[in-house]
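Data first, discussion second: the structure below is written as structure tokens.
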Amino acid sequence: MCGILAVIGKDVEAQKVQQLSKRMAHRGKDESDMHVTEKGYVLCHERLSIVDLKSGKQPIQGTNSAWMVHNGEIYNHEQLRNSVLAHHSFRTGSDSEVIVHLYEEFGYDFCDQLDGIFAFVVIDGDDFIAGRDPLGVKPLYYGKDSEGRLYFASEMKALADQCESFEAFPPGHYYTPKTGFVKYYQPKWEDETLAVEKLDLKAIRETLTEAVRKRLMSDVPVGVLLSGGLDSSLTSSIAARLLKETDKKLHSFSIGLDAAAPDAVAAREVAKFLGTEHHEIHFTIEEGIQILEKLIWHLETYDVTSVRASTPMYFLSKAITDMGIKVVLSGEGSDEIFGGYLYFRNAPSVADFQKETIERVQRLSTADLLRADKSTMAHGLEARVPFLDKAFLELAIKIQPEEKMPKTYDGIEKYILRKAFDTPEQPYLPESVLWRQKEQFSDGVGYNWIDTLIEYCSAEVTDEQMEKASELFPYNTPVTKEAYFYRTIFHKYFPQESAAKTVRKWIPKWQTNQDPSGRANAAHVQADTTIAAPAEKAVA
């Protein structure tokens with residue numbers, strides 16, 4: 001895991017590129033290096049050492065003239081070394097190195113062979129290829145400056161003020177100067193009409209277990225983010241079982257405003273049940289408000305729910321890395337796959353339900369995955385997401401949507417996932433957690449967090465400012481004072497129109513109140529369908 005920056009074109013100033021790369025130094029505090037190719041192109045790398053701590057330094061050279069930088073983890077690197085790359089000589093034990101060798105072996109057409117998360121650039125003379133993992137678990141941006149030079153960077157801050165225009169690199173694609181963008185990831189599950197597979201609870205259980213097993217690959221200790229919700233609790237339970245086979249102790253981490261926060265209470269129960277070494281972190285609302293500006297600089301988004309949820313994750317990530325942990329498992333993706341958000345209860349038809357799950361998964365890189373990466377990597381912590389394993393996606397999304405709809409099971413969301421792990425003979429979780437209602441992470445840390453945040457932003461933004469919001473922000477115009485407040489911070493650091501257009505707002509469907517809080521849905525056990533402050537509702 002790391003930060004990468006590549007600049008390709010004429011008259012590249014190497015030292016300047018290295019300085020730009022340092023803007024992402026938080027992503028990799030273990031090593032920093034640069035390579036200038038024979039054509040004068042520059043590759044920079046800020047390294048967080050996870051696999052092959054001694055010799056895995058980047059940029060990495062292939063067997064001849066090709067060089068590469070990579071951010072992410074390749075879980076099947078050993079299988080590739082022992083099969084299609086068995087005749088290659090490797091310089092390191094790093095999982096990353098297989099990428100440059102696959103390029104040498106297969107040319108451009110190799111991304112589908114990678115099982116993992118990645119954003120990479122390979123340069124070979126005048127030729128190059130950049131690629132991003134299927135769902136965009138790892139961030140990547142690209143742009144062009146006034147001289148025609150191309151930039152590829154893990155974070156927008158490394159290229160925004162250098163390029164005339166830039167965008168987020170599309171997930172599941174690679175780019176070369178000869179082909180342009182190519183969509184290499186074309187799974188069958190993207191076709192909503194192919195969701196015809198019968199329910200197989202055993203397959204769900206076994207495939208998710210294998211997804212977790214892959215993500216325990218590390219030469220440093222691995223922990224788990226444990227909110228006490230279904231998804232993080234399941235990945236924690238599976239990880240605890242697998243690590244018992246190796247006599248390793250699992251460290252679990254949760255956060256809340258105090259010990260009484262809904263997530264903190266549930267997480268303690270799960271940790272006790274699993275026997276993990278549990279660490280509970282608290283933060284105050286005042287502390288959360290104080291770091292909003294720094295947080296939005298890290299996140300590179302003004303999306304309301306991303307900011308709300310990233311604040312506790314930012315504090316938790318710092319506490320985790322302070323304890324010496326570099327890798328954690330997280331539960332992102334499950335709600336999108338299984339229709340777990342409360343608004344899915346209101347889906348007007350089976351077809352609408354299935355289409356929405358597919359679209360939510362496809363857009364994860366602009367929402368939960370962006371938050372999960374940048375709020376953790378702000379402190380050099382790598383988050384891995386088992387639910388977004390390629391094999392698990394192919395299995396779960398193609399299940400008949402009737403089996404996933406809450407309406408089928410008296411309004412219980414993610415029923416089949418719960419049922420797959422409802423094994424009384426060897427229980428994975430306490431019953432109270434296995435059947436706990438969905439709680440948005442930003443709600444679960446303590447309901448006062450969102451309520452007070454809305455009040456604070458309302459006091460900071462005037463009605464007059466809101467009236468002129470469309471003049472200042474014509475694209476994605478904020479419609480609440482909270483959204484306006486975040487947007488002004490974002491604009492301070494990223495004033496470019498290209499920057500504003502990289503952001504997608506997360507908005508629930510099929511409910512009257514479109515605030516992203518789960519409590520805005522009437523089905524929530526602590527529902528507040530008027531959650532937006534009165535002044536904001538009048539403006540919206």
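Ordering of the structure tokens sets the chain letters (A, B, ...), residue numbers begin anew at 1 in every chain, and ligands are numbered from 1 in the order given.
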### Query
Could you write out, as a PyMOL selection string, all the residues of segment 341-403 of chain A that DSSP marks as alpha helix (DSSP H)?
chain A and resi 350-362+368-377+390-397
Store the residues picked out above, limited to N, CA, C and O atoms, as a compact mmCIF listing (two decimals), in the first residue's frame.
```
# COMPACT_ATOMS: atom_id res chain seq x y z
N VAL A 350 -38.93 -5.86 -8.13
CA VAL A 350 -37.75 -6.73 -8.10
C VAL A 350 -36.68 -6.20 -9.04
O VAL A 350 -35.49 -6.17 -8.70
N ALA A 351 -37.09 -5.77 -10.22
CA ALA A 351 -36.13 -5.27 -11.22
C ALA A 351 -35.43 -4.01 -10.71
O ALA A 351 -34.22 -3.84 -10.89
N ASP A 352 -36.20 -3.11 -10.08
CA ASP A 352 -35.61 -1.88 -9.53
C ASP A 352 -34.62 -2.20 -8.43
O ASP A 352 -33.56 -1.57 -8.32
N PHE A 353 -34.95 -3.17 -7.59
CA PHE A 353 -34.06 -3.57 -6.51
C PHE A 353 -32.72 -4.07 -7.07
O PHE A 353 -31.65 -3.63 -6.64
N GLN A 354 -32.79 -4.97 -8.04
CA GLN A 354 -31.56 -5.54 -8.60
C GLN A 354 -30.73 -4.48 -9.32
O GLN A 354 -29.50 -4.44 -9.17
N LYS A 355 -31.39 -3.63 -10.07
CA LYS A 355 -30.67 -2.57 -10.79
C LYS A 355 -29.96 -1.64 -9.82
O LYS A 355 -28.81 -1.24 -10.05
N GLU A 356 -30.62 -1.32 -8.70
CA GLU A 356 -30.02 -0.42 -7.73
C GLU A 356 -28.82 -1.06 -7.04
O GLU A 356 -27.81 -0.38 -6.79
N THR A 357 -28.87 -2.34 -6.73
CA THR A 357 -27.71 -3.00 -6.11
C THR A 357 -26.51 -2.95 -7.05
O THR A 357 -25.39 -2.67 -6.63
N ILE A 358 -26.74 -3.21 -8.33
CA ILE A 358 -25.65 -3.19 -9.31
C ILE A 358 -25.05 -1.79 -9.42
O ILE A 358 -23.83 -1.62 -9.40
N GLU A 359 -25.92 -0.79 -9.53
CA GLU A 359 -25.42 0.58 -9.66
C GLU A 359 -24.67 1.03 -8.41
O GLU A 359 -23.66 1.74 -8.51
N ARG A 360 -25.13 0.64 -7.24
CA ARG A 360 -24.44 1.00 -6.00
C ARG A 360 -23.04 0.38 -5.95
O ARG A 360 -22.06 1.03 -5.53
N VAL A 361 -22.92 -0.87 -6.37
CA VAL A 361 -21.61 -1.52 -6.41
C VAL A 361 -20.70 -0.80 -7.40
O VAL A 361 -19.53 -0.54 -7.11
N GLN A 362 -21.23 -0.47 -8.57
CA GLN A 362 -20.42 0.17 -9.60
C GLN A 362 -19.93 1.55 -9.17
O GLN A 362 -18.89 2.02 -9.64
N ASP A 368 -18.13 4.84 -0.48
CA ASP A 368 -17.56 4.10 0.64
C ASP A 368 -16.10 3.72 0.43
O ASP A 368 -15.31 3.71 1.38
N LEU A 369 -15.72 3.37 -0.79
CA LEU A 369 -14.33 2.98 -1.02
C LEU A 369 -13.40 4.17 -0.95
O LEU A 369 -12.27 4.06 -0.46
N LEU A 370 -13.84 5.32 -1.44
CA LEU A 370 -13.04 6.53 -1.31
C LEU A 370 -12.83 6.86 0.16
O LEU A 370 -11.72 7.15 0.60
N ARG A 371 -13.92 6.82 0.93
CA ARG A 371 -13.84 7.09 2.37
C ARG A 371 -12.93 6.08 3.07
O ARG A 371 -12.06 6.47 3.86
N ALA A 372 -13.13 4.80 2.76
CA ALA A 372 -12.36 3.76 3.44
C ALA A 372 -10.87 3.89 3.16
O ALA A 372 -10.04 3.69 4.06
N ASP A 373 -10.52 4.23 1.93
CA ASP A 373 -9.10 4.37 1.60
C ASP A 373 -8.49 5.63 2.20
O ASP A 373 -7.48 5.58 2.91
N LYS A 374 -9.10 6.77 1.93
CA LYS A 374 -8.42 8.03 2.27
C LYS A 374 -8.47 8.37 3.75
O LYS A 374 -7.56 9.03 4.26
N SER A 375 -9.51 7.94 4.47
CA SER A 375 -9.54 8.22 5.90
C SER A 375 -8.58 7.32 6.67
O SER A 375 -8.05 7.71 7.71
N THR A 376 -8.31 6.12 6.14
CA THR A 376 -7.33 5.23 6.78
C THR A 376 -5.91 5.57 6.33
O THR A 376 -5.00 5.66 7.14
N MET A 377 -5.73 5.80 5.02
CA MET A 377 -4.40 6.08 4.51
C MET A 377 -3.89 7.46 4.91
O MET A 377 -2.71 7.77 4.75
N LYS A 390 -13.68 -10.68 -6.09
CA LYS A 390 -14.29 -10.92 -7.40
C LYS A 390 -15.18 -12.17 -7.40
O LYS A 390 -16.28 -12.16 -7.96
N ALA A 391 -14.71 -13.23 -6.78
CA ALA A 391 -15.49 -14.47 -6.76
C ALA A 391 -16.76 -14.30 -5.94
O ALA A 391 -17.84 -14.81 -6.31
N PHE A 392 -16.67 -13.58 -4.83
CA PHE A 392 -17.85 -13.38 -4.00
C PHE A 392 -18.87 -12.49 -4.71
O PHE A 392 -20.08 -12.75 -4.64
N LEU A 393 -18.41 -11.47 -5.41
CA LEU A 393 -19.31 -10.62 -6.18
C LEU A 393 -20.07 -11.43 -7.22
O LEU A 393 -21.29 -11.29 -7.39
N GLU A 394 -19.34 -12.25 -7.95
CA GLU A 394 -19.95 -13.04 -9.01
C GLU A 394 -21.02 -13.98 -8.45
O GLU A 394 -22.06 -14.20 -9.07
N LEU A 395 -20.78 -14.51 -7.27
CA LEU A 395 -21.75 -15.39 -6.63
C LEU A 395 -22.95 -14.61 -6.11
O LEU A 395 -24.11 -14.93 -6.41
N ALA A 396 -22.69 -13.59 -5.32
CA ALA A 396 -23.76 -12.94 -4.54
C ALA A 396 -24.69 -12.07 -5.38
O ALA A 396 -25.91 -12.07 -5.17
N ILE A 397 -24.15 -11.31 -6.34
CA ILE A 397 -24.99 -10.39 -7.09
C ILE A 397 -25.91 -11.14 -8.05
O ILE A 397 -27.01 -10.67 -8.37
```
### Task
Determine, counting only C-alpha atoms, which protein, DNA and RNA residues have an atom within 10 Å of an atom of Glu497 of chain A; residues of the same chain fewer than 5 positions away are not included. Present the result as a ChimeraX atom specification.
/A:164-166,473-475,491,502
### Message
Show me, as JSON, numbers by chain, the residues that have an atom within 12 Å of segment 260-270 of chain A when counting only C-alpha atoms, minus same-chain residues fewer than 3 positions from it.
### Response
{"A": [224, 225, 226, 227, 228, 229, 230, 231, 232, 233, 234, 235, 236, 237, 240, 252, 253, 254, 255, 256, 257, 273, 274, 275, 276, 277, 278, 279, 280, 281, 282, 283, 284, 312, 427, 428, 429, 430, 431, 432, 433, 434, 435, 436, 437, 438, 439, 440, 441, 442, 443, 444, 445, 446, 447, 448, 449, 525, 526]}
#### Entry: Residue among A:Ile238, A:Met323, A:Leu329, A:Val69 lying closest to Val100 of chain A, counting only C-alpha atoms
A:Val69
### Task
List the neighbours of Ala14 of chain A out to 8 Å using only C-alpha atoms; skip same-chain residues closer than 3 positions along the sequence, and give me the result as a PyMOL selection string.
chain A and resi 17-18+36+42
### Task
Take atom CA of Val212 of chain A and atom CA of Ser306 of chain A and report the distance between them in Å, one decimal.
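Taking atom CA of Val212 of chain A as the start and atom CA of Ser306 of chain A as the end point, the length is 24.9 Å.
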### Query
Counting only C-alpha atoms, which of A:Glu78, A:Asp322, A:Asp115, A:Asp109 gets nearest to Ala211 of chain A?
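Going through A:Glu78, A:Asp322, A:Asp115, A:Asp109 one by one, the smallest distance to Ala211 of chain A is for A:Asp115.
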### Message
If I take atom CA of Leu316 of chain A and atom CA of Phe338 of chain A, how far is one from the other in Å, to one decimal?
### Response
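Atom CA of Phe338 of chain A lies 26.6 Å from atom CA of Leu316 of chain A.
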